[in-house]
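Asker: Below you will find the structure I want to go over with you.
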Amino acid sequence: MMDFVLVLLALGCSAVLAANGPCDLPQYCTPSQVLGCMNSIDFGSTYYKEAIDDIIKLVDPYVYLDILKNPPQPNGFNNYFKPVDLIAELRKVKTEGTNFYEFYRSVQKALKSTQDGHFGFFFEGNNDFDNKLFTFVMYPPLYLYVDKYSNNTPGMKGAPYDSDFYNHFPNGPATKAIVERNKKHFIVSINGMSPFDFVLTFGSEYYNNLKNKDAKYTYASKVLSRFPHLLDLPLLEKDFTNINVVYSNGESFTSDCLFENWGASETMKRSDAGSLKDYAREMIKNNDGRKVIGYHDIMKAYNSGENPRKEKPFTEIDAIQAVKDYVFEKKRNEKIEKKTNVRDVATTAKEGFWDYSSSEQVLKCRVDDKNKVDVFFIKSFNVEQKAFDEFVSTLEHCMDTFDGNEYPIVVINDKNEGGAVALSFIFQEMLQLDMTARSFVSYKNDERVHKLIKTLVEGGGLQNPATGTIFTTVEGLMEDAEVDDYGNGVSHSRSKPALFLYSAIRYYMDKIKPTLKRNRKPTDIIVFTDSYSFSAGAIFTKGLKEAGAAIIVGYNGYPGSKKESFDIGQAPTNNFRDGLDILGKEEYNRLFEKGIIFRTISAGESYRLSDVENGVKPLVPREFLFDAADERVAIYNAYNESKYDTFIEAAKGVFEKYKTQCNPDNLGLHMRTVLCDEKINKTHMHGGYVCGA
C-alpha cells in the first residue's frame, strides 16, 4: 500500500497584532479562526511595493526568463509548456488594499507559473515582519492509502488516526466511527473527484513547480505524507472546509479539517513558540525547500536539542574538489563494514538485508541470490561534504561485490532530490562501464549572471569541448556568445555550450573503470524511476536514457498514465543556492529585512548531447524537452522495504521482455557488439545494434 497522510501546515498570525487579537487562539482551532488570523496580517502597501520591485530585479538573471515567453514544445505535444511573461505576472500582483496572506499567495502563484522547481523565494519572516508561517498544523478527517481492487487496478482507501484528534473535530467521534467502519471499502470520490484526481489537483494547484502530470502527482503524494509546510503556496478556505468523502458502499461524510496551533503554550515541550518557529525556519531553509519536513520531524529534532544546520551546503565547486582529493588507491583497498539493515518482506515474511549503505541510507545495495539480481537503491545525490567520500566508497564496494557475479542490475531511484551532479555522473558510469557521462551547459549572457558563475568558472568546472582546455575566466566562456531565436520576437543570448565538470570526472573514472571486469549489457540494467526525479536526479535518468545505457522503467505517478506521457525527470538544470546576494546585494538585503529569502535560481541550461553535437538550432534546453520511459509498470506508490518483492518481480518481467524485444522509440538502447567497437576510434565511444534487431 502507498500510505500518505493528508496533513497540511497552514499560515499563522502576526506578533504586531494586539493581545487577544485574531491570532490569539487555543491549541485546537477551526478553519475560520485560522483564516481570520491569516487575513488579519497586513504589513502595508510600502512593504508589498518594495518587495515586488526587488523580486523583479532579482528575477532578471533567471536563465529561462526570455524563453518562457514563447517556449518550444516537445515533439508530439501541443501547448505542453504555457507561455509566461514572469515580469508581467509579478507586476500584476496587488499591492494596495490587500493583506500579507493574499500578497504572498499572488507572488508564489506568479513564480510557480514558470513550473521550475529550482525557483525559490521563501518568506521566512522576522521579528519586524512576523508572518507566522509555521504556527498551524492541519489535520483532515482521515488517513489515505492506495490499495488494489480484485482485478489488480489501483484504488484508494482511508483509515482513522490513532490519536485523540477526533475529540477536537466538530462531530469528530461520529466521523471517526464512519471512517473506522469503512476502512476496508474503497473511496470513490473526495470533493466530487476521484481520490487520485483529488491528489493531482492539489499537486497541480499548490506544487505546480513541476512540468509533468506524473511528477506533480508523485510530489503531491510525497508532500501530503509528512505534515508539509506551506512555504510554496498558502491554502484557501475552500481547501480545508467541507471535505466530502464517499465510499463504494454509498456511505459518506463531510467534515472540516482541524488545526493544531503549535504556537499555543501547552504544545511547547522545551521552550517558547518563537524559538520553535525560528528553529523550523532554519531547518526547512537548510533543506532548500526540497526535502519535505514534517511537524513531527521538527518537534522531534527540536526537543532532542539537535542543531538544524549540521553542515555547510555542498556545492558543485566542493564536488569538483572532492573528486580531485579522493584518494582512489586508499579507498579502493579500504575495507568497510557491511551494514545489514533488516527489512520485512510482505510476500515471504522473511528477513532480508542490504549489503552496504551510506549514511541515512541515501545509497544502498545488495546481491539478491534468490532472484539472481544485483540491486541498488538511491534517493538523493545531495550529501554533506564529509559524506561525499562515503557515498563514492559505498558505490565502489557495491560494484566490487556485483563484479563477483553476472546478475543483471536493478536500480530503484525513488523521489530523488538531486544534489551534486558529479555524483550523478559517477553513478551513471559505474552502472554502464561503456558510457561516458557528459553534460553540455551554457549560461545567460548577462552581467549579473557573469558574477554568479565566476567562482564556478575559475574553479575549473567548465571545459571547452573544441580545445579540451579548462575555461579560467567568464570572459573566455562568453567569447563568441550565441543567440537562439525562439520565434515571435523571443531571442536568447547565451555562452557556447561547455562540458560541465568533465575533466574532474574523467580523471576519476579512467582510474576506476579498468578495475571492474563485469560489463553489463544495457538491456541487463533496469532503472526504476518516478517522474519526480529532480535536478541531478533528472541528469541521472535522462543521461542514461539518451546514452541507451539502461532500460528506464517508470513507476508511481498518476494511476493509469501511459509511458508515452511519463517524463523520467524534472528540472535538469544547473542551479545556484545560497550566497545569492551576489545578484544584487542592495536588493537582496532589502528583501532580507522584510523576512524574504531568495534561495535558488536556475542559472545554467543543459542540453541533449546529440543536439549540441549535431548543431541543432535553436538549441533547446532539456528543461523544455520530454524524455519518456521505456516501460511503465503498475506500481503506483513510492518505494518502501515492504514493496521490495513487487519491484523485483516487475524487473524480472522487463528483463525477460528485452531478451527478444524493446522500446522501438528508444534507438539509443542497443546491444553491444565487438564488431562495431572495432570500427570506432573515438575515445569513450562504443557501438552496437538496436535490441531485438
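Residues are named by chain letter and number: chains run A, B, ... in the order of the C-alpha cells, numbers start at 1 in each chain, and ligands are numbered from 1 in the order shown.
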Wanna dump the region 415-494 of chain A-region 77-91 of chain A contacts at 12 Å for me, each residue with its shortest atom pair and the distance in Å to one decimal, counting only C-alpha atoms, ordered by chain and number, as a Markdown table?

Answerer:
```
| residue | atom | partner | partner_atom | distance |
| --- | --- | --- | --- | --- |
| A:Tyr486 | CA | A:Pro83 | CA | 11.9 |
| A:Asn488 | CA | A:Pro83 | CA | 11.4 |
| A:Val490 | CA | A:Asp85 | CA | 11.2 |
```

Asker: So which residues touch Glu429 (chain A) within 12 Å, counting only C-alpha atoms, skipping near sequence neighbours fewer than 2 positions away, as number ranges by chain?

Answerer: A: 395-396, 399, 422-427, 431-438, 505-506, 508-510, 512-513, 516, 519-520, 522, 540, 543-544, 547, 549-550, 684

Asker: From the set A:Tyr143, A:Tyr47, A:Phe196, A:Phe165, which residue has the shortest atom-to-atom contact distance to Gly560 (chain A), counting only C-alpha atoms?

Answerer: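 Distance minimum relative to Gly560 (chain A) lands on A:Phe196.
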
Asker: Find the spatial neighbours of Pro497 (chain A), counting only C-alpha atoms, within a cut-off of 7 Å - ignore same-chain residues fewer than 6 positions away - and output them as a ChimeraX atom specification.

Answerer: /A:440-442

Asker: How would the residues just picked look written out with N, CA, C and O atoms as a PDB file, in the first residue's frame?

Answerer:
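Produced file part14.pdb, reproduced below:
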```pdb
ATOM      1  N   PHE A 440      26.442  19.074 -21.480  1.00  0.00           N
ATOM      2  CA  PHE A 440      26.753  20.387 -22.019  1.00  0.00           C
ATOM      3  C   PHE A 440      25.873  21.422 -21.339  1.00  0.00           C
ATOM      4  O   PHE A 440      24.654  21.233 -21.230  1.00  0.00           O
ATOM      5  N   VAL A 441      26.479  22.515 -20.893  1.00  0.00           N
ATOM      6  CA  VAL A 441      25.721  23.600 -20.273  1.00  0.00           C
ATOM      7  C   VAL A 441      26.149  24.928 -20.882  1.00  0.00           C
ATOM      8  O   VAL A 441      27.258  25.060 -21.407  1.00  0.00           O
ATOM      9  N   SER A 442      25.248  25.878 -20.818  1.00  0.00           N
ATOM     10  CA  SER A 442      25.613  27.254 -21.165  1.00  0.00           C
ATOM     11  C   SER A 442      24.912  28.192 -20.198  1.00  0.00           C
ATOM     12  O   SER A 442      23.994  27.801 -19.471  1.00  0.00           O
TER      13      SER A 442
END
```

Asker: What gap, in Å, lies between CA of Gly305 (chain A) and CA of Met283 (chain A)?

Answerer: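 CA of Gly305 (chain A) sits 12.5 Å away from CA of Met283 (chain A).
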
Asker: For Ala638 (chain A), find every residue with an atom within 9 Å (counting only C-alpha atoms), except residues of its own chain fewer than 5 positions away, and show them as number ranges by chain.

Answerer: A: 2-3, 218, 221-222, 414-415, 530, 555-556, 643

Asker: Keeping N, CA and C atoms, export the residues of the selection given above as an mmCIF file, in the first residue's frame.

Answerer:
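Output saved as part_32.cif:
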```
data_model
loop_
_atom_site.group_PDB
_atom_site.id
_atom_site.type_symbol
_atom_site.label_atom_id
_atom_site.label_comp_id
_atom_site.auth_asym_id
_atom_site.auth_seq_id
_atom_site.Cartn_x
_atom_site.Cartn_y
_atom_site.Cartn_z
ATOM 1 N N MET A 2 0.425 2.286 -0.686
ATOM 2 C CA MET A 2 1.082 3.572 -0.592
ATOM 3 C C MET A 2 0.364 4.373 0.480
ATOM 4 N N ASP A 3 1.090 4.700 1.521
ATOM 5 C CA ASP A 3 0.473 5.426 2.613
ATOM 6 C C ASP A 3 0.817 6.894 2.509
ATOM 7 N N THR A 218 3.184 12.598 -8.095
ATOM 8 C CA THR A 218 4.156 11.955 -7.205
ATOM 9 C C THR A 218 4.582 12.899 -6.090
ATOM 10 N N SER A 221 1.807 13.451 -3.581
ATOM 11 C CA SER A 221 1.709 12.298 -2.691
ATOM 12 C C SER A 221 2.783 12.358 -1.619
ATOM 13 N N LYS A 222 3.980 12.752 -2.023
ATOM 14 C CA LYS A 222 5.090 12.875 -1.082
ATOM 15 C C LYS A 222 4.819 13.966 -0.051
ATOM 16 N N ASP A 414 14.218 6.525 -6.173
ATOM 17 C CA ASP A 414 12.953 6.882 -5.531
ATOM 18 C C ASP A 414 12.970 8.315 -5.008
ATOM 19 N N LYS A 415 12.073 9.145 -5.547
ATOM 20 C CA LYS A 415 11.921 10.538 -5.081
ATOM 21 C C LYS A 415 13.281 11.221 -4.936
ATOM 22 N N ASP A 530 10.593 7.317 -10.602
ATOM 23 C CA ASP A 530 9.358 8.089 -10.668
ATOM 24 C C ASP A 530 9.622 9.317 -11.528
ATOM 25 N N TYR A 555 7.519 4.300 -12.662
ATOM 26 C CA TYR A 555 6.547 3.826 -11.676
ATOM 27 C C TYR A 555 6.040 5.027 -10.890
ATOM 28 N N ASN A 556 5.101 4.766 -9.991
ATOM 29 C CA ASN A 556 4.420 5.829 -9.255
ATOM 30 C C ASN A 556 3.744 6.743 -10.277
ATOM 31 N N LYS A 643 7.770 -3.224 -0.267
ATOM 32 C CA LYS A 643 7.490 -3.298 -1.697
ATOM 33 C C LYS A 643 8.646 -3.913 -2.489
#
```
